[in-house]
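Participant: Below is the file target.cif, with mmCIF, N, CA, C and O atoms.
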```cif
data_run
loop_
_atom_site.group_PDB
_atom_site.id
_atom_site.type_symbol
_atom_site.label_atom_id
_atom_site.label_comp_id
_atom_site.auth_asym_id
_atom_site.auth_seq_id
_atom_site.Cartn_x
_atom_site.Cartn_y
_atom_site.Cartn_z
ATOM 1 N N MET A 1 22.670 7.045 2.473
ATOM 2 C CA MET A 1 21.398 6.753 3.076
ATOM 3 C C MET A 1 21.200 7.673 4.268
ATOM 4 O O MET A 1 22.136 7.948 5.010
ATOM 5 N N SER A 2 19.984 8.115 4.470
ATOM 6 C CA SER A 2 19.668 9.031 5.567
ATOM 7 C C SER A 2 19.265 8.272 6.819
ATOM 8 O O SER A 2 18.899 7.105 6.771
ATOM 9 N N THR A 3 19.310 8.988 7.930
ATOM 10 C CA THR A 3 18.937 8.419 9.217
ATOM 11 C C THR A 3 17.744 9.173 9.769
ATOM 12 O O THR A 3 17.677 10.396 9.684
ATOM 13 N N ILE A 4 16.806 8.418 10.354
ATOM 14 C CA ILE A 4 15.641 9.004 11.015
ATOM 15 C C ILE A 4 15.662 8.551 12.463
ATOM 16 O O ILE A 4 15.862 7.372 12.745
ATOM 17 N N SER A 5 15.445 9.483 13.372
ATOM 18 C CA SER A 5 15.375 9.157 14.788
ATOM 19 C C SER A 5 13.905 9.044 15.176
ATOM 20 O O SER A 5 13.081 9.859 14.775
ATOM 21 N N LEU A 6 13.577 8.019 15.942
ATOM 22 C CA LEU A 6 12.187 7.763 16.314
ATOM 23 C C LEU A 6 12.121 7.474 17.803
ATOM 24 O O LEU A 6 12.841 6.615 18.314
ATOM 25 N N ARG A 7 11.259 8.188 18.497
ATOM 26 C CA ARG A 7 11.099 7.951 19.929
ATOM 27 C C ARG A 7 9.828 7.129 20.149
ATOM 28 O O ARG A 7 8.761 7.501 19.673
ATOM 29 N N VAL A 8 9.983 6.022 20.850
ATOM 30 C CA VAL A 8 8.847 5.163 21.179
ATOM 31 C C VAL A 8 8.988 4.689 22.617
ATOM 32 O O VAL A 8 10.112 4.557 23.126
ATOM 33 N N PRO A 9 7.872 4.422 23.263
ATOM 34 C CA PRO A 9 7.959 3.860 24.612
ATOM 35 C C PRO A 9 8.668 2.500 24.577
ATOM 36 O O PRO A 9 8.615 1.784 23.571
ATOM 37 N N GLU A 10 9.327 2.153 25.662
ATOM 38 C CA GLU A 10 10.102 0.912 25.747
ATOM 39 C C GLU A 10 9.250 -0.307 25.396
ATOM 40 O O GLU A 10 9.709 -1.217 24.701
ATOM 41 N N GLU A 11 8.019 -0.328 25.861
ATOM 42 C CA GLU A 11 7.125 -1.467 25.587
ATOM 43 C C GLU A 11 6.880 -1.634 24.087
ATOM 44 O O GLU A 11 6.916 -2.752 23.558
ATOM 45 N N GLU A 12 6.645 -0.521 23.386
ATOM 46 C CA GLU A 12 6.433 -0.586 21.936
ATOM 47 C C GLU A 12 7.706 -1.008 21.216
ATOM 48 O O GLU A 12 7.660 -1.773 20.258
ATOM 49 N N LEU A 13 8.845 -0.514 21.698
ATOM 50 C CA LEU A 13 10.120 -0.905 21.108
ATOM 51 C C LEU A 13 10.330 -2.407 21.230
ATOM 52 O O LEU A 13 10.759 -3.068 20.274
ATOM 53 N N ASN A 14 9.999 -2.948 22.378
ATOM 54 C CA ASN A 14 10.138 -4.389 22.577
ATOM 55 C C ASN A 14 9.233 -5.179 21.628
ATOM 56 O O ASN A 14 9.626 -6.219 21.112
ATOM 57 N N ILE A 15 8.048 -4.675 21.399
ATOM 58 C CA ILE A 15 7.128 -5.334 20.459
ATOM 59 C C ILE A 15 7.716 -5.301 19.052
ATOM 60 O O ILE A 15 7.720 -6.313 18.349
ATOM 61 N N ILE A 16 8.223 -4.148 18.640
ATOM 62 C CA ILE A 16 8.797 -4.011 17.291
ATOM 63 C C ILE A 16 10.032 -4.886 17.151
ATOM 64 O O ILE A 16 10.218 -5.564 16.137
ATOM 65 N N LYS A 17 10.874 -4.905 18.170
ATOM 66 C CA LYS A 17 12.072 -5.753 18.135
ATOM 67 C C LYS A 17 11.696 -7.234 18.048
ATOM 68 O O LYS A 17 12.315 -7.993 17.302
ATOM 69 N N SER A 18 10.688 -7.628 18.795
ATOM 70 C CA SER A 18 10.240 -9.026 18.754
ATOM 71 C C SER A 18 9.721 -9.381 17.375
ATOM 72 O O SER A 18 10.014 -10.460 16.842
ATOM 73 N N TYR A 19 8.960 -8.477 16.794
ATOM 74 C CA TYR A 19 8.438 -8.697 15.436
ATOM 75 C C TYR A 19 9.590 -8.845 14.441
ATOM 76 O O TYR A 19 9.573 -9.726 13.592
ATOM 77 N N ALA A 20 10.578 -7.973 14.563
ATOM 78 C CA ALA A 20 11.743 -8.031 13.671
ATOM 79 C C ALA A 20 12.475 -9.364 13.835
ATOM 80 O O ALA A 20 12.848 -10.000 12.846
ATOM 81 N N LYS A 21 12.662 -9.797 15.059
ATOM 82 C CA LYS A 21 13.372 -11.050 15.315
ATOM 83 C C LYS A 21 12.599 -12.238 14.748
ATOM 84 O O LYS A 21 13.174 -13.118 14.097
ATOM 85 N N ILE A 22 11.287 -12.276 14.967
ATOM 86 C CA ILE A 22 10.447 -13.362 14.454
ATOM 87 C C ILE A 22 10.534 -13.439 12.931
ATOM 88 O O ILE A 22 10.530 -14.521 12.356
ATOM 89 N N ASN A 23 10.608 -12.276 12.277
ATOM 90 C CA ASN A 23 10.646 -12.218 10.820
ATOM 91 C C ASN A 23 12.063 -12.171 10.257
ATOM 92 O O ASN A 23 12.246 -11.960 9.059
ATOM 93 N N ASN A 24 13.047 -12.333 11.139
ATOM 94 C CA ASN A 24 14.460 -12.356 10.737
ATOM 95 C C ASN A 24 14.846 -11.117 9.920
ATOM 96 O O ASN A 24 15.475 -11.214 8.863
ATOM 97 N N LYS A 25 14.425 -9.953 10.418
ATOM 98 C CA LYS A 25 14.727 -8.679 9.769
ATOM 99 C C LYS A 25 15.345 -7.733 10.791
ATOM 100 O O LYS A 25 15.145 -7.886 11.989
ATOM 101 N N SER A 26 16.040 -6.746 10.276
ATOM 102 C CA SER A 26 16.575 -5.716 11.165
ATOM 103 C C SER A 26 15.445 -4.786 11.593
ATOM 104 O O SER A 26 14.393 -4.720 10.949
ATOM 105 N N LEU A 27 15.673 -4.080 12.668
ATOM 106 C CA LEU A 27 14.699 -3.108 13.153
ATOM 107 C C LEU A 27 14.418 -2.060 12.078
ATOM 108 O O LEU A 27 13.261 -1.717 11.826
ATOM 109 N N SER A 28 15.461 -1.585 11.435
ATOM 110 C CA SER A 28 15.299 -0.580 10.376
ATOM 111 C C SER A 28 14.469 -1.124 9.219
ATOM 112 O O SER A 28 13.594 -0.429 8.698
ATOM 113 N N ALA A 29 14.723 -2.363 8.811
ATOM 114 C CA ALA A 29 13.990 -2.952 7.691
ATOM 115 C C ALA A 29 12.510 -3.091 8.027
ATOM 116 O O ALA A 29 11.644 -2.828 7.180
ATOM 117 N N VAL A 30 12.216 -3.488 9.252
ATOM 118 C CA VAL A 30 10.820 -3.641 9.670
ATOM 119 C C VAL A 30 10.102 -2.297 9.661
ATOM 120 O O VAL A 30 9.014 -2.162 9.097
ATOM 121 N N ILE A 31 10.698 -1.308 10.271
ATOM 122 C CA ILE A 31 10.062 0.016 10.342
ATOM 123 C C ILE A 31 9.895 0.597 8.944
ATOM 124 O O ILE A 31 8.833 1.112 8.600
ATOM 125 N N ARG A 32 10.928 0.496 8.125
ATOM 126 C CA ARG A 32 10.866 1.016 6.763
ATOM 127 C C ARG A 32 9.744 0.353 5.977
ATOM 128 O O ARG A 32 8.931 1.018 5.343
ATOM 129 N N SER A 33 9.655 -0.975 6.019
ATOM 130 C CA SER A 33 8.635 -1.671 5.229
ATOM 131 C C SER A 33 7.230 -1.358 5.717
ATOM 132 O O SER A 33 6.313 -1.178 4.912
ATOM 133 N N ILE A 34 7.051 -1.263 7.024
ATOM 134 C CA ILE A 34 5.723 -0.956 7.560
ATOM 135 C C ILE A 34 5.289 0.459 7.173
ATOM 136 O O ILE A 34 4.142 0.682 6.771
ATOM 137 N N VAL A 35 6.192 1.414 7.269
ATOM 138 C CA VAL A 35 5.860 2.794 6.892
ATOM 139 C C VAL A 35 5.511 2.872 5.408
ATOM 140 O O VAL A 35 4.500 3.473 5.024
ATOM 141 N N LEU A 36 6.321 2.244 4.555
ATOM 142 C CA LEU A 36 6.058 2.296 3.117
ATOM 143 C C LEU A 36 4.773 1.562 2.743
ATOM 144 O O LEU A 36 4.030 2.021 1.874
ATOM 145 N N GLU A 37 4.487 0.440 3.406
ATOM 146 C CA GLU A 37 3.229 -0.268 3.160
ATOM 147 C C GLU A 37 2.041 0.601 3.543
ATOM 148 O O GLU A 37 1.023 0.620 2.838
ATOM 149 N N HIS A 38 2.163 1.322 4.635
ATOM 150 C CA HIS A 38 1.082 2.209 5.063
ATOM 151 C C HIS A 38 0.860 3.329 4.043
ATOM 152 O O HIS A 38 -0.281 3.626 3.675
ATOM 153 N N ILE A 39 1.938 3.932 3.587
ATOM 154 C CA ILE A 39 1.832 4.999 2.582
ATOM 155 C C ILE A 39 1.202 4.455 1.305
ATOM 156 O O ILE A 39 0.322 5.088 0.718
ATOM 157 N N GLU A 40 1.636 3.274 0.870
ATOM 158 C CA GLU A 40 1.080 2.665 -0.343
ATOM 159 C C GLU A 40 -0.413 2.394 -0.169
ATOM 160 O O GLU A 40 -1.203 2.637 -1.085
ATOM 161 N N GLY A 41 -0.808 1.911 0.997
ATOM 162 C CA GLY A 41 -2.224 1.661 1.263
ATOM 163 C C GLY A 41 -3.049 2.933 1.195
ATOM 164 O O GLY A 41 -4.140 2.953 0.613
ATOM 165 N N GLU A 42 -2.545 4.004 1.775
ATOM 166 C CA GLU A 42 -3.234 5.295 1.726
ATOM 167 C C GLU A 42 -3.359 5.793 0.287
ATOM 168 O O GLU A 42 -4.397 6.298 -0.129
ATOM 169 N N TYR A 43 -2.282 5.641 -0.486
ATOM 170 C CA TYR A 43 -2.292 6.061 -1.884
ATOM 171 C C TYR A 43 -3.322 5.256 -2.680
ATOM 172 O O TYR A 43 -4.098 5.814 -3.449
ATOM 173 N N ASP A 44 -3.342 3.939 -2.453
ATOM 174 C CA ASP A 44 -4.309 3.087 -3.146
ATOM 175 C C ASP A 44 -5.738 3.515 -2.841
ATOM 176 O O ASP A 44 -6.599 3.542 -3.733
ATOM 177 N N LEU A 45 -6.010 3.855 -1.586
ATOM 178 C CA LEU A 45 -7.346 4.310 -1.211
ATOM 179 C C LEU A 45 -7.714 5.618 -1.903
ATOM 180 O O LEU A 45 -8.848 5.812 -2.334
ATOM 181 N N GLN A 46 -6.745 6.520 -2.040
ATOM 182 C CA GLN A 46 -6.995 7.789 -2.731
ATOM 183 C C GLN A 46 -7.288 7.559 -4.207
ATOM 184 O O GLN A 46 -8.190 8.170 -4.771
ATOM 185 N N VAL A 47 -6.516 6.685 -4.839
ATOM 186 C CA VAL A 47 -6.721 6.376 -6.253
ATOM 187 C C VAL A 47 -8.093 5.749 -6.451
ATOM 188 O O VAL A 47 -8.838 6.100 -7.374
ATOM 189 N N PHE A 48 -8.460 4.810 -5.570
ATOM 190 C CA PHE A 48 -9.752 4.159 -5.674
ATOM 191 C C PHE A 48 -10.889 5.159 -5.468
ATOM 192 O O PHE A 48 -11.895 5.128 -6.196
ATOM 193 N N ALA A 49 -10.750 6.069 -4.502
ATOM 194 C CA ALA A 49 -11.778 7.083 -4.257
ATOM 195 C C ALA A 49 -11.947 7.975 -5.481
ATOM 196 O O ALA A 49 -13.081 8.317 -5.855
ATOM 197 N N GLU A 50 -10.853 8.351 -6.125
ATOM 198 C CA GLU A 50 -10.922 9.172 -7.342
ATOM 199 C C GLU A 50 -11.606 8.401 -8.468
ATOM 200 O O GLU A 50 -12.423 8.954 -9.198
ATOM 201 N N TYR A 51 -11.285 7.123 -8.603
ATOM 202 C CA TYR A 51 -11.931 6.274 -9.607
ATOM 203 C C TYR A 51 -13.445 6.219 -9.364
ATOM 204 O O TYR A 51 -14.235 6.405 -10.290
ATOM 205 N N GLU A 52 -13.842 5.981 -8.128
ATOM 206 C CA GLU A 52 -15.272 5.908 -7.799
ATOM 207 C C GLU A 52 -15.975 7.236 -8.073
ATOM 208 O O GLU A 52 -17.109 7.255 -8.549
ATOM 209 N N LYS A 53 -15.294 8.336 -7.798
ATOM 210 C CA LYS A 53 -15.849 9.670 -8.050
ATOM 211 C C LYS A 53 -16.080 9.867 -9.546
ATOM 212 O O LYS A 53 -17.150 10.314 -9.973
ATOM 213 N N GLU A 54 -15.086 9.527 -10.349
ATOM 214 C CA GLU A 54 -15.201 9.658 -11.803
ATOM 215 C C GLU A 54 -16.231 8.681 -12.364
ATOM 216 O O GLU A 54 -16.970 9.017 -13.293
ATOM 217 N N LYS A 55 -16.303 7.502 -11.796
ATOM 218 C CA LYS A 55 -17.293 6.505 -12.229
ATOM 219 C C LYS A 55 -18.708 7.024 -11.962
ATOM 220 O O LYS A 55 -19.599 6.882 -12.814
ATOM 221 N N ALA A 56 -18.917 7.629 -10.799
ATOM 222 C CA ALA A 56 -20.231 8.184 -10.449
ATOM 223 C C ALA A 56 -20.625 9.316 -11.399
ATOM 224 O O ALA A 56 -21.811 9.502 -11.685
ATOM 225 N N LYS A 57 -19.646 10.047 -11.905
ATOM 226 C CA LYS A 57 -19.916 11.133 -12.854
ATOM 227 C C LYS A 57 -20.158 10.606 -14.269
ATOM 228 O O LYS A 57 -20.524 11.364 -15.157
ATOM 229 N N GLY A 58 -19.894 9.312 -14.469
ATOM 230 C CA GLY A 58 -20.047 8.727 -15.797
ATOM 231 C C GLY A 58 -18.846 8.923 -16.693
ATOM 232 O O GLY A 58 -18.943 8.785 -17.913
ATOM 233 N N ASN A 59 -17.705 9.245 -16.106
ATOM 234 C CA ASN A 59 -16.489 9.504 -16.875
ATOM 235 C C ASN A 59 -15.594 8.272 -17.051
ATOM 236 O O ASN A 59 -14.501 8.387 -17.561
ATOM 237 N N VAL A 60 -16.065 7.102 -16.598
ATOM 238 C CA VAL A 60 -15.258 5.901 -16.678
ATOM 239 C C VAL A 60 -15.886 4.931 -17.669
ATOM 240 O O VAL A 60 -17.067 4.636 -17.588
ATOM 241 N N LYS A 61 -15.102 4.476 -18.624
ATOM 242 C CA LYS A 61 -15.559 3.483 -19.598
ATOM 243 C C LYS A 61 -14.944 2.152 -19.219
ATOM 244 O O LYS A 61 -13.724 2.054 -19.041
ATOM 245 N N THR A 62 -15.766 1.134 -19.062
ATOM 246 C CA THR A 62 -15.258 -0.197 -18.739
ATOM 247 C C THR A 62 -15.487 -1.116 -19.926
ATOM 248 O O THR A 62 -16.345 -0.858 -20.780
ATOM 249 N N TYR A 63 -14.687 -2.165 -19.972
ATOM 250 C CA TYR A 63 -14.758 -3.135 -21.060
ATOM 251 C C TYR A 63 -14.821 -4.535 -20.472
ATOM 252 O O TYR A 63 -14.135 -4.827 -19.494
ATOM 253 N N SER A 64 -15.586 -5.399 -21.099
ATOM 254 C CA SER A 64 -15.597 -6.794 -20.673
ATOM 255 C C SER A 64 -14.324 -7.460 -21.182
ATOM 256 O O SER A 64 -13.653 -6.950 -22.076
ATOM 257 N N HIS A 65 -14.011 -8.619 -20.638
ATOM 258 C CA HIS A 65 -12.800 -9.294 -21.106
ATOM 259 C C HIS A 65 -12.961 -9.738 -22.558
ATOM 260 O O HIS A 65 -11.997 -9.755 -23.314
ATOM 261 N N GLU A 66 -14.196 -10.036 -22.971
ATOM 262 C CA GLU A 66 -14.424 -10.388 -24.376
ATOM 263 C C GLU A 66 -14.101 -9.212 -25.305
ATOM 264 O O GLU A 66 -13.491 -9.382 -26.352
ATOM 265 N N GLU A 67 -14.494 -8.000 -24.895
ATOM 266 C CA GLU A 67 -14.211 -6.807 -25.696
ATOM 267 C C GLU A 67 -12.700 -6.550 -25.790
ATOM 268 O O GLU A 67 -12.199 -6.213 -26.864
ATOM 269 N N VAL A 68 -12.002 -6.733 -24.687
ATOM 270 C CA VAL A 68 -10.554 -6.523 -24.683
ATOM 271 C C VAL A 68 -9.883 -7.554 -25.571
ATOM 272 O O VAL A 68 -9.010 -7.219 -26.393
ATOM 273 N N TRP A 69 -10.269 -8.821 -25.461
ATOM 274 C CA TRP A 69 -9.683 -9.867 -26.295
ATOM 275 C C TRP A 69 -9.928 -9.589 -27.769
ATOM 276 O O TRP A 69 -9.032 -9.744 -28.597
ATOM 277 N N ALA A 70 -11.154 -9.160 -28.108
ATOM 278 C CA ALA A 70 -11.466 -8.868 -29.510
ATOM 279 C C ALA A 70 -10.627 -7.713 -30.024
ATOM 280 O O ALA A 70 -10.089 -7.764 -31.133
ATOM 281 N N GLU A 71 -10.465 -6.668 -29.202
ATOM 282 C CA GLU A 71 -9.661 -5.519 -29.623
ATOM 283 C C GLU A 71 -8.198 -5.893 -29.799
ATOM 284 O O GLU A 71 -7.507 -5.367 -30.677
ATOM 285 N N LEU A 72 -7.725 -6.828 -28.992
ATOM 286 C CA LEU A 72 -6.330 -7.275 -29.093
ATOM 287 C C LEU A 72 -6.143 -8.372 -30.130
ATOM 288 O O LEU A 72 -5.022 -8.792 -30.407
ATOM 289 N N GLY A 73 -7.260 -8.822 -30.698
ATOM 290 C CA GLY A 73 -7.177 -9.874 -31.712
ATOM 291 C C GLY A 73 -6.863 -11.234 -31.139
ATOM 292 O O GLY A 73 -6.276 -12.077 -31.806
ATOM 293 N N LEU A 74 -7.288 -11.470 -29.913
ATOM 294 C CA LEU A 74 -7.025 -12.763 -29.271
ATOM 295 C C LEU A 74 -8.242 -13.655 -29.287
ATOM 296 O O LEU A 74 -9.331 -13.305 -29.309
#
```
Could you render the structure as structure tokens?
Facilitator:
Amino acid sequence: MSTISLRVPEEELNIIKSYAKINNKSLSAVIRSIVLEHIEGEYDLQVFAEYEKEKAKGNVKTYSHEEVWAELGL
């Protein structure tokens, strides 16, 4: 496993440590999960923006749940 060094003001460190303690997690686990959640959120927004762009161009075909059920034979 790799190590990352992060410099933060003491006040911010205390906030992060308090959050970790309240959630019964290590400092590393808290920082890791928050960073990955942020990256995932950004990725989701990019995917959604691309979908909306393609939808506006008319390149997206949607199906009702009835159509999907019929195609699946349900």
Participant: For atom CA of Ser33 of chain A and atom CA of Lys21 of chain A, quote the distance in Å rounded to one decimal.
Facilitator: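 According to the coordinates, atom CA of Ser33 of chain A and atom CA of Lys21 of chain A are separated by 14.6 Å.
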Participant: One decimal, in Å: what's the spacing between atom CA of Tyr63 of chain A and atom C of Glu42 of chain A?
Facilitator: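 Separation between atom CA of Tyr63 of chain A and atom C of Glu42 of chain A: 25.8 Å.
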Participant: Identify which of the residues A:Ile16, A:Tyr51, A:Ser64, A:Glu11 lies closest to Ile31 of chain A, counting all atoms listed in the file when measuring atom-to-atom distances.
Facilitator: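 Checking each candidate against Ile31 of chain A, we get A:Ile16 as the closest.
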Participant: Using Å and a single decimal, report how far atom CA of Lys61 of chain A sits from atom N of Leu74 of chain A.
Facilitator: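 Interatomic distance here is 20.0 Å.
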Participant: Box along x, y and z, 4 Å on every side, all listed atoms of segment 32-49 of chain A inside: centre and edge lengths in Å to one decimal, as AutoDock Vina command-line options.
Facilitator:
```
--center_x -1.1 --center_y 3.3 --center_z 0.4 --size_x 32.0 --size_y 18.0 --size_z 23.5
```
Participant: Complete segment 60-71 of chain A at the level of all heavy atoms, written as a PDB file, in the frame of the given file.
Facilitator:
```pdb
ATOM      1  N   VAL A  60     -16.065   7.102 -16.598  1.00  0.00           N
ATOM      2  CA  VAL A  60     -15.258   5.901 -16.678  1.00  0.00           C
ATOM      3  C   VAL A  60     -15.886   4.931 -17.669  1.00  0.00           C
ATOM      4  O   VAL A  60     -17.067   4.636 -17.588  1.00  0.00           O
ATOM      5  CB  VAL A  60     -15.145   5.223 -15.294  1.00  0.00           C
ATOM      6  CG1 VAL A  60     -14.396   3.902 -15.396  1.00  0.00           C
ATOM      7  CG2 VAL A  60     -14.445   6.140 -14.310  1.00  0.00           C
ATOM      8  N   LYS A  61     -15.102   4.476 -18.624  1.00  0.00           N
ATOM      9  CA  LYS A  61     -15.559   3.483 -19.598  1.00  0.00           C
ATOM     10  C   LYS A  61     -14.944   2.152 -19.219  1.00  0.00           C
ATOM     11  O   LYS A  61     -13.724   2.054 -19.041  1.00  0.00           O
ATOM     12  CB  LYS A  61     -15.130   3.889 -21.015  1.00  0.00           C
ATOM     13  CG  LYS A  61     -15.367   2.848 -22.076  1.00  0.00           C
ATOM     14  CD  LYS A  61     -16.832   2.742 -22.450  1.00  0.00           C
ATOM     15  CE  LYS A  61     -16.998   1.856 -23.677  1.00  0.00           C
ATOM     16  NZ  LYS A  61     -17.778   0.689 -23.452  1.00  0.00           N
ATOM     17  N   THR A  62     -15.766   1.134 -19.062  1.00  0.00           N
ATOM     18  CA  THR A  62     -15.258  -0.197 -18.739  1.00  0.00           C
ATOM     19  C   THR A  62     -15.487  -1.116 -19.926  1.00  0.00           C
ATOM     20  O   THR A  62     -16.345  -0.858 -20.780  1.00  0.00           O
ATOM     21  CB  THR A  62     -15.960  -0.779 -17.501  1.00  0.00           C
ATOM     22  OG1 THR A  62     -17.371  -0.849 -17.749  1.00  0.00           O
ATOM     23  CG2 THR A  62     -15.694   0.069 -16.265  1.00  0.00           C
ATOM     24  N   TYR A  63     -14.687  -2.165 -19.972  1.00  0.00           N
ATOM     25  CA  TYR A  63     -14.758  -3.135 -21.060  1.00  0.00           C
ATOM     26  C   TYR A  63     -14.821  -4.535 -20.472  1.00  0.00           C
ATOM     27  O   TYR A  63     -14.135  -4.827 -19.494  1.00  0.00           O
ATOM     28  CB  TYR A  63     -13.516  -3.035 -21.962  1.00  0.00           C
ATOM     29  CG  TYR A  63     -13.332  -1.675 -22.583  1.00  0.00           C
ATOM     30  CD1 TYR A  63     -12.595  -0.679 -21.924  1.00  0.00           C
ATOM     31  CD2 TYR A  63     -13.871  -1.372 -23.819  1.00  0.00           C
ATOM     32  CE1 TYR A  63     -12.422   0.570 -22.495  1.00  0.00           C
ATOM     33  CE2 TYR A  63     -13.700  -0.129 -24.400  1.00  0.00           C
ATOM     34  CZ  TYR A  63     -12.977   0.838 -23.727  1.00  0.00           C
ATOM     35  OH  TYR A  63     -12.803   2.075 -24.292  1.00  0.00           O
ATOM     36  N   SER A  64     -15.586  -5.399 -21.099  1.00  0.00           N
ATOM     37  CA  SER A  64     -15.597  -6.794 -20.673  1.00  0.00           C
ATOM     38  C   SER A  64     -14.324  -7.460 -21.182  1.00  0.00           C
ATOM     39  O   SER A  64     -13.653  -6.950 -22.076  1.00  0.00           O
ATOM     40  CB  SER A  64     -16.815  -7.522 -21.248  1.00  0.00           C
ATOM     41  OG  SER A  64     -16.667  -7.683 -22.651  1.00  0.00           O
ATOM     42  N   HIS A  65     -14.011  -8.619 -20.638  1.00  0.00           N
ATOM     43  CA  HIS A  65     -12.800  -9.294 -21.106  1.00  0.00           C
ATOM     44  C   HIS A  65     -12.961  -9.738 -22.558  1.00  0.00           C
ATOM     45  O   HIS A  65     -11.997  -9.755 -23.314  1.00  0.00           O
ATOM     46  CB  HIS A  65     -12.415 -10.459 -20.196  1.00  0.00           C
ATOM     47  CG  HIS A  65     -13.405 -11.572 -20.118  1.00  0.00           C
ATOM     48  ND1 HIS A  65     -14.493 -11.531 -19.306  1.00  0.00           N
ATOM     49  CD2 HIS A  65     -13.457 -12.743 -20.781  1.00  0.00           C
ATOM     50  CE1 HIS A  65     -15.188 -12.642 -19.453  1.00  0.00           C
ATOM     51  NE2 HIS A  65     -14.592 -13.394 -20.348  1.00  0.00           N
ATOM     52  N   GLU A  66     -14.196 -10.036 -22.971  1.00  0.00           N
ATOM     53  CA  GLU A  66     -14.424 -10.388 -24.376  1.00  0.00           C
ATOM     54  C   GLU A  66     -14.101  -9.212 -25.305  1.00  0.00           C
ATOM     55  O   GLU A  66     -13.491  -9.382 -26.352  1.00  0.00           O
ATOM     56  CB  GLU A  66     -15.869 -10.844 -24.611  1.00  0.00           C
ATOM     57  CG  GLU A  66     -16.212 -12.192 -24.029  1.00  0.00           C
ATOM     58  CD  GLU A  66     -16.781 -12.084 -22.615  1.00  0.00           C
ATOM     59  OE1 GLU A  66     -16.847 -10.954 -22.070  1.00  0.00           O
ATOM     60  OE2 GLU A  66     -17.119 -13.135 -22.054  1.00  0.00           O
ATOM     61  N   GLU A  67     -14.494  -8.000 -24.895  1.00  0.00           N
ATOM     62  CA  GLU A  67     -14.211  -6.807 -25.696  1.00  0.00           C
ATOM     63  C   GLU A  67     -12.700  -6.550 -25.790  1.00  0.00           C
ATOM     64  O   GLU A  67     -12.199  -6.213 -26.864  1.00  0.00           O
ATOM     65  CB  GLU A  67     -14.906  -5.574 -25.094  1.00  0.00           C
ATOM     66  CG  GLU A  67     -16.414  -5.601 -25.206  1.00  0.00           C
ATOM     67  CD  GLU A  67     -17.068  -4.475 -24.425  1.00  0.00           C
ATOM     68  OE1 GLU A  67     -16.715  -4.282 -23.235  1.00  0.00           O
ATOM     69  OE2 GLU A  67     -17.922  -3.782 -25.007  1.00  0.00           O
ATOM     70  N   VAL A  68     -12.002  -6.733 -24.687  1.00  0.00           N
ATOM     71  CA  VAL A  68     -10.554  -6.523 -24.683  1.00  0.00           C
ATOM     72  C   VAL A  68      -9.883  -7.554 -25.571  1.00  0.00           C
ATOM     73  O   VAL A  68      -9.010  -7.219 -26.393  1.00  0.00           O
ATOM     74  CB  VAL A  68      -9.979  -6.574 -23.254  1.00  0.00           C
ATOM     75  CG1 VAL A  68      -8.470  -6.545 -23.261  1.00  0.00           C
ATOM     76  CG2 VAL A  68     -10.542  -5.438 -22.398  1.00  0.00           C
ATOM     77  N   TRP A  69     -10.269  -8.821 -25.461  1.00  0.00           N
ATOM     78  CA  TRP A  69      -9.683  -9.867 -26.295  1.00  0.00           C
ATOM     79  C   TRP A  69      -9.928  -9.589 -27.769  1.00  0.00           C
ATOM     80  O   TRP A  69      -9.032  -9.744 -28.597  1.00  0.00           O
ATOM     81  CB  TRP A  69     -10.265 -11.233 -25.936  1.00  0.00           C
ATOM     82  CG  TRP A  69      -9.789 -11.766 -24.618  1.00  0.00           C
ATOM     83  CD1 TRP A  69      -8.729 -11.328 -23.872  1.00  0.00           C
ATOM     84  CD2 TRP A  69     -10.369 -12.826 -23.895  1.00  0.00           C
ATOM     85  NE1 TRP A  69      -8.608 -12.053 -22.726  1.00  0.00           N
ATOM     86  CE2 TRP A  69      -9.612 -12.994 -22.702  1.00  0.00           C
ATOM     87  CE3 TRP A  69     -11.463 -13.658 -24.090  1.00  0.00           C
ATOM     88  CZ2 TRP A  69      -9.917 -13.960 -21.743  1.00  0.00           C
ATOM     89  CZ3 TRP A  69     -11.753 -14.626 -23.141  1.00  0.00           C
ATOM     90  CH2 TRP A  69     -10.991 -14.770 -21.995  1.00  0.00           C
ATOM     91  N   ALA A  70     -11.154  -9.160 -28.108  1.00  0.00           N
ATOM     92  CA  ALA A  70     -11.466  -8.868 -29.510  1.00  0.00           C
ATOM     93  C   ALA A  70     -10.627  -7.713 -30.024  1.00  0.00           C
ATOM     94  O   ALA A  70     -10.089  -7.764 -31.133  1.00  0.00           O
ATOM     95  CB  ALA A  70     -12.953  -8.543 -29.652  1.00  0.00           C
ATOM     96  N   GLU A  71     -10.465  -6.668 -29.202  1.00  0.00           N
ATOM     97  CA  GLU A  71      -9.661  -5.519 -29.623  1.00  0.00           C
ATOM     98  C   GLU A  71      -8.198  -5.893 -29.799  1.00  0.00           C
ATOM     99  O   GLU A  71      -7.507  -5.367 -30.677  1.00  0.00           O
ATOM    100  CB  GLU A  71      -9.789  -4.366 -28.614  1.00  0.00           C
ATOM    101  CG  GLU A  71      -9.089  -3.117 -29.089  1.00  0.00           C
ATOM    102  CD  GLU A  71      -9.614  -1.861 -28.424  1.00  0.00           C
ATOM    103  OE1 GLU A  71     -10.803  -1.799 -28.078  1.00  0.00           O
ATOM    104  OE2 GLU A  71      -8.801  -0.934 -28.266  1.00  0.00           O
TER     105      GLU A  71
END
```
